[in-house]
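S.K.: Structure below; questions to follow.
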Amino acid sequence: MSTSKQETEPSAKGAKAATAKGKSKRRSAMQTETSQTASRPDVAGTIGRAGSTVKEGIVTSLRGINEIEAEIVSLVRNTVSNGLRAGGAVASEGITIGRDVMKGAFQATEEVGNGLVLCTKSVAKGVIMGVADVGGDVIGVARETTKAAVKSAGEVGADVGMVAKRAVDGVIEAGVETGGNVLEIGKSAATGAIEAAGVIGNTAVNTVRDVLVSVVGGVKQVAGTALPQRQTQP
C-alpha cells in the first residue's frame, strides 16, 4: 500500500504540472493573438478575394461606361456642329439635324440590341452642345430632340419614361455646361417629351410626367409650367 501511494503522488504532481504548463501556453498564445489582431487593420472593414474581384470588375465596367458616354457625346457634338457649319442655315437646320441624329441613334441601338437608355442621354447632350457651338436655336432643338426620343421609344416599345428622363437629363446637362438658359432649355425639353407622349396615349403622358417631375424638380419654374396635370383614363 505504501509503495502504491508513493507511486501515485509523483504521478498526480506530474499531471498538475502538465496542466499548469498547458494553461500557460494557452494564455501566451491568446496574448500573442490579441497583440497581432490589434496590429492588423479592422477585419470587418476589409473584403475577401471574391469581394475584391467584384469590386474591381464593377469599377472597370463603370469607367468603361463613362468612356463610352463621353465618346458618344463627342461624336454627336462634332457631327451636329460640322453639319450645321457646312449647311449654313443654322436656325432651320438645327431642329432637323437634332431630330435625325436621335432617330439614327435609336436605329443603331435596335441593330445592336441594347444600350438604348444608356445612349439617349449622351446623344441628347451631344446634340445640344453641337448646336450651341454654332450659335443655333438651342431651346427649339431641345424640344425637338426630346420629342424625337420619346416618339422613337414608343415606336420600338421601349420604356418611354426612362428614355424621356435620360433625354431631358442630357439636354439640361448640356445647357449647364454651355452656359445656356437652363430654365428655358429644361422647359422646352420637358414640353417636347410630353407632346410626344401625348401622341402615344394618356398612360405614356402620365409615365413621362411622373418621371420628369424628379428631373426638372430642381428647376422649380419648369415643374410648374411645363408639366401637365396627370391625365385620367377615359
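Ligands are numbered from 1 in the order shown, chains are lettered A, B, ... in the order of the C-alpha cells, and residues start at 1 in each chain.
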Quick one: everything within 12 Å of Glu69 in chain A, counting only C-alpha atoms, minus sequence neighbours fewer than 3 positions away in the same chain. Send it as a PDB file with C-alpha atoms, in the first residue's frame.

M.R.:
```pdb
ATOM      1  CA  LEU A  62     -18.335  51.852 -64.829  1.00  0.00           C
ATOM      2  CA  ARG A  63     -15.197  53.501 -66.138  1.00  0.00           C
ATOM      3  CA  GLY A  64     -15.880  51.857 -69.473  1.00  0.00           C
ATOM      4  CA  ILE A  65     -19.459  53.138 -69.489  1.00  0.00           C
ATOM      5  CA  ASN A  66     -18.278  56.671 -68.732  1.00  0.00           C
ATOM      6  CA  ILE A  72     -20.976  59.352 -77.941  1.00  0.00           C
ATOM      7  CA  VAL A  73     -21.282  62.953 -76.749  1.00  0.00           C
ATOM      8  CA  SER A  74     -18.154  63.902 -78.692  1.00  0.00           C
ATOM      9  CA  LEU A  75     -19.296  62.070 -81.839  1.00  0.00           C
ATOM     10  CA  VAL A  76     -22.750  63.644 -81.833  1.00  0.00           C
ATOM     11  CA  GLY A 115     -27.888  50.405 -74.928  1.00  0.00           C
ATOM     12  CA  LEU A 116     -30.963  52.462 -75.793  1.00  0.00           C
ATOM     13  CA  VAL A 117     -31.440  54.097 -72.407  1.00  0.00           C
ATOM     14  CA  LEU A 118     -27.678  54.416 -71.953  1.00  0.00           C
ATOM     15  CA  CYS A 119     -27.069  56.315 -75.172  1.00  0.00           C
ATOM     16  CA  THR A 120     -30.158  58.562 -75.077  1.00  0.00           C
ATOM     17  CA  LYS A 121     -28.668  60.999 -72.580  1.00  0.00           C
ATOM     18  CA  SER A 122     -25.335  61.168 -74.385  1.00  0.00           C
ATOM     19  CA  VAL A 123     -26.953  61.726 -77.777  1.00  0.00           C
ATOM     20  CA  ALA A 124     -29.291  64.440 -76.476  1.00  0.00           C
ATOM     21  CA  LYS A 125     -26.398  66.142 -74.722  1.00  0.00           C
ATOM     22  CA  GLY A 126     -24.233  65.984 -77.827  1.00  0.00           C
ATOM     23  CA  GLY A 170     -28.771  65.156 -71.249  1.00  0.00           C
TER      24      GLY A 170
END
```

S.K.: Do a neighbour search on Gly180 in chain A at 12 Å with only C-alpha atoms, toss out local chain neighbours closer than 2 positions, and write the hits as a PDB file with N, CA and C atoms, in the first residue's frame.

M.R.:
```pdb
ATOM      1  N   ILE A 128     -27.362  69.127 -78.255  1.00  0.00           N
ATOM      2  CA  ILE A 128     -27.462  70.492 -77.713  1.00  0.00           C
ATOM      3  C   ILE A 128     -26.103  71.192 -77.729  1.00  0.00           C
ATOM      4  N   MET A 129     -25.070  70.476 -77.380  1.00  0.00           N
ATOM      5  CA  MET A 129     -23.733  71.083 -77.363  1.00  0.00           C
ATOM      6  C   MET A 129     -23.268  71.437 -78.777  1.00  0.00           C
ATOM      7  N   VAL A 131     -25.230  72.201 -81.331  1.00  0.00           N
ATOM      8  CA  VAL A 131     -26.000  73.369 -81.768  1.00  0.00           C
ATOM      9  C   VAL A 131     -25.482  74.632 -81.080  1.00  0.00           C
ATOM     10  N   ALA A 132     -25.143  74.522 -79.802  1.00  0.00           N
ATOM     11  CA  ALA A 132     -24.608  75.677 -79.063  1.00  0.00           C
ATOM     12  C   ALA A 132     -23.275  76.136 -79.643  1.00  0.00           C
ATOM     13  N   ASP A 133     -22.480  75.193 -80.134  1.00  0.00           N
ATOM     14  CA  ASP A 133     -21.170  75.540 -80.701  1.00  0.00           C
ATOM     15  C   ASP A 133     -21.281  76.519 -81.865  1.00  0.00           C
ATOM     16  N   GLY A 135     -23.987  78.551 -82.322  1.00  0.00           N
ATOM     17  CA  GLY A 135     -24.937  79.624 -82.023  1.00  0.00           C
ATOM     18  C   GLY A 135     -26.330  79.371 -82.535  1.00  0.00           C
ATOM     19  N   GLY A 136     -26.741  78.104 -82.605  1.00  0.00           N
ATOM     20  CA  GLY A 136     -28.077  77.769 -83.110  1.00  0.00           C
ATOM     21  C   GLY A 136     -29.168  77.909 -82.055  1.00  0.00           C
ATOM     22  N   ASP A 137     -30.371  77.544 -82.433  1.00  0.00           N
ATOM     23  CA  ASP A 137     -31.542  77.655 -81.563  1.00  0.00           C
ATOM     24  C   ASP A 137     -31.575  76.479 -80.588  1.00  0.00           C
ATOM     25  N   VAL A 138     -30.868  76.612 -79.508  1.00  0.00           N
ATOM     26  CA  VAL A 138     -30.748  75.524 -78.535  1.00  0.00           C
ATOM     27  C   VAL A 138     -32.099  75.173 -77.916  1.00  0.00           C
ATOM     28  N   ILE A 139     -32.900  76.180 -77.621  1.00  0.00           N
ATOM     29  CA  ILE A 139     -34.191  75.936 -76.971  1.00  0.00           C
ATOM     30  C   ILE A 139     -35.123  75.155 -77.902  1.00  0.00           C
ATOM     31  N   ALA A 142     -33.847  71.598 -78.276  1.00  0.00           N
ATOM     32  CA  ALA A 142     -34.086  70.809 -77.065  1.00  0.00           C
ATOM     33  C   ALA A 142     -35.462  70.172 -77.106  1.00  0.00           C
ATOM     34  N   VAL A 171     -30.098  66.997 -72.068  1.00  0.00           N
ATOM     35  CA  VAL A 171     -30.329  68.355 -72.567  1.00  0.00           C
ATOM     36  C   VAL A 171     -29.989  69.384 -71.490  1.00  0.00           C
ATOM     37  N   ILE A 172     -30.469  69.145 -70.272  1.00  0.00           N
ATOM     38  CA  ILE A 172     -30.207  70.082 -69.174  1.00  0.00           C
ATOM     39  C   ILE A 172     -28.713  70.127 -68.841  1.00  0.00           C
ATOM     40  N   GLU A 173     -28.080  68.970 -68.838  1.00  0.00           N
ATOM     41  CA  GLU A 173     -26.647  68.917 -68.553  1.00  0.00           C
ATOM     42  C   GLU A 173     -25.856  69.711 -69.589  1.00  0.00           C
ATOM     43  N   ALA A 174     -26.260  69.577 -70.844  1.00  0.00           N
ATOM     44  CA  ALA A 174     -25.598  70.337 -71.913  1.00  0.00           C
ATOM     45  C   ALA A 174     -25.818  71.825 -71.719  1.00  0.00           C
ATOM     46  N   GLY A 175     -27.028  72.195 -71.322  1.00  0.00           N
ATOM     47  CA  GLY A 175     -27.324  73.605 -71.082  1.00  0.00           C
ATOM     48  C   GLY A 175     -26.453  74.196 -69.991  1.00  0.00           C
ATOM     49  N   VAL A 176     -26.246  73.422 -68.933  1.00  0.00           N
ATOM     50  CA  VAL A 176     -25.396  73.877 -67.831  1.00  0.00           C
ATOM     51  C   VAL A 176     -23.958  74.044 -68.303  1.00  0.00           C
ATOM     52  N   GLU A 177     -23.448  73.064 -69.038  1.00  0.00           N
ATOM     53  CA  GLU A 177     -22.041  73.088 -69.462  1.00  0.00           C
ATOM     54  C   GLU A 177     -21.753  74.150 -70.521  1.00  0.00           C
ATOM     55  N   THR A 178     -22.754  74.494 -71.302  1.00  0.00           N
ATOM     56  CA  THR A 178     -22.539  75.502 -72.345  1.00  0.00           C
ATOM     57  C   THR A 178     -22.940  76.904 -71.893  1.00  0.00           C
ATOM     58  N   VAL A 182     -30.752  77.507 -68.708  1.00  0.00           N
ATOM     59  CA  VAL A 182     -31.167  76.168 -68.291  1.00  0.00           C
ATOM     60  C   VAL A 182     -32.669  76.090 -68.025  1.00  0.00           C
ATOM     61  N   LEU A 183     -33.247  77.144 -67.503  1.00  0.00           N
ATOM     62  CA  LEU A 183     -34.685  77.155 -67.243  1.00  0.00           C
ATOM     63  C   LEU A 183     -35.475  76.962 -68.523  1.00  0.00           C
ATOM     64  N   GLU A 184     -35.163  77.771 -69.529  1.00  0.00           N
ATOM     65  CA  GLU A 184     -35.897  77.682 -70.798  1.00  0.00           C
ATOM     66  C   GLU A 184     -35.581  76.398 -71.557  1.00  0.00           C
ATOM     67  N   ILE A 185     -34.334  75.966 -71.477  1.00  0.00           N
ATOM     68  CA  ILE A 185     -33.945  74.719 -72.148  1.00  0.00           C
ATOM     69  C   ILE A 185     -34.670  73.533 -71.511  1.00  0.00           C
ATOM     70  N   GLY A 186     -34.693  73.497 -70.175  1.00  0.00           N
ATOM     71  CA  GLY A 186     -35.377  72.406 -69.476  1.00  0.00           C
ATOM     72  C   GLY A 186     -36.864  72.412 -69.737  1.00  0.00           C
TER      73      GLY A 186
END
```

S.K.: Skipping near chain neighbours, those fewer than 6 positions away, what residues fall within 10 Å of Val208 in chain A using only C-alpha atoms, listed as JSON, numbers by chain?

M.R.: {"A": [150, 159, 160, 161, 162, 163, 164, 165, 190, 193, 194, 196, 197, 198, 202, 227]}

S.K.: Using only C-alpha atoms, please write the residues we just selected to a file, as a PDB file, in the first residue's frame.

M.R.:
```pdb
ATOM      1  CA  VAL A 150     -39.889  59.715 -76.783  1.00  0.00           C
ATOM      2  CA  ASP A 159     -39.604  52.434 -71.674  1.00  0.00           C
ATOM      3  CA  VAL A 160     -40.787  55.911 -72.650  1.00  0.00           C
ATOM      4  CA  GLY A 161     -40.459  57.196 -69.098  1.00  0.00           C
ATOM      5  CA  MET A 162     -36.802  56.272 -68.771  1.00  0.00           C
ATOM      6  CA  VAL A 163     -35.992  57.447 -72.288  1.00  0.00           C
ATOM      7  CA  ALA A 164     -37.667  60.792 -71.570  1.00  0.00           C
ATOM      8  CA  LYS A 165     -35.743  61.132 -68.321  1.00  0.00           C
ATOM      9  CA  ALA A 190     -39.952  68.676 -70.967  1.00  0.00           C
ATOM     10  CA  ALA A 193     -41.252  64.884 -74.235  1.00  0.00           C
ATOM     11  CA  ILE A 194     -44.835  65.440 -73.081  1.00  0.00           C
ATOM     12  CA  ALA A 196     -44.578  63.051 -77.979  1.00  0.00           C
ATOM     13  CA  ALA A 197     -46.068  61.071 -75.100  1.00  0.00           C
ATOM     14  CA  GLY A 198     -49.464  62.623 -75.828  1.00  0.00           C
ATOM     15  CA  ASN A 202     -52.595  59.054 -71.646  1.00  0.00           C
ATOM     16  CA  LEU A 227     -45.561  69.536 -66.908  1.00  0.00           C
TER      17      LEU A 227
END
```

S.K.: Which one is closest to Thr96 in chain A: A:Val205, A:Val80, A:Val54, A:Ile68? Count only C-alpha atoms.

M.R.: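 Smallest separation from Thr96 in chain A among the options: A:Val80.
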
S.K.: Restricting the calculation to only C-alpha atoms: of A:Val127, A:Thr191, A:Val199, A:Thr109, which residue gets closest to Val156 in chain A?

M.R.: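 Looking only at the distances to Val156 in chain A, the closest residue turns out to be A:Thr109.
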
S.K.: So, with only C-alpha atoms as the atoms that count, which of A:Val211, A:Ala189, A:Val134, A:Ala204 lies closest to Ala158 in chain A?

M.R.: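 The answer is A:Ala204, which sits nearest to Ala158 in chain A.
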
S.K.: Nearest to Asp100 in chain A among A:Arg85, A:Arg166, A:Lys147, A:Lys55, with distances taken over only C-alpha atoms: which residue is it?

M.R.: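 Between A:Arg85, A:Arg166, A:Lys147, A:Lys55, the residue approaching Asp100 in chain A most closely is A:Lys147.
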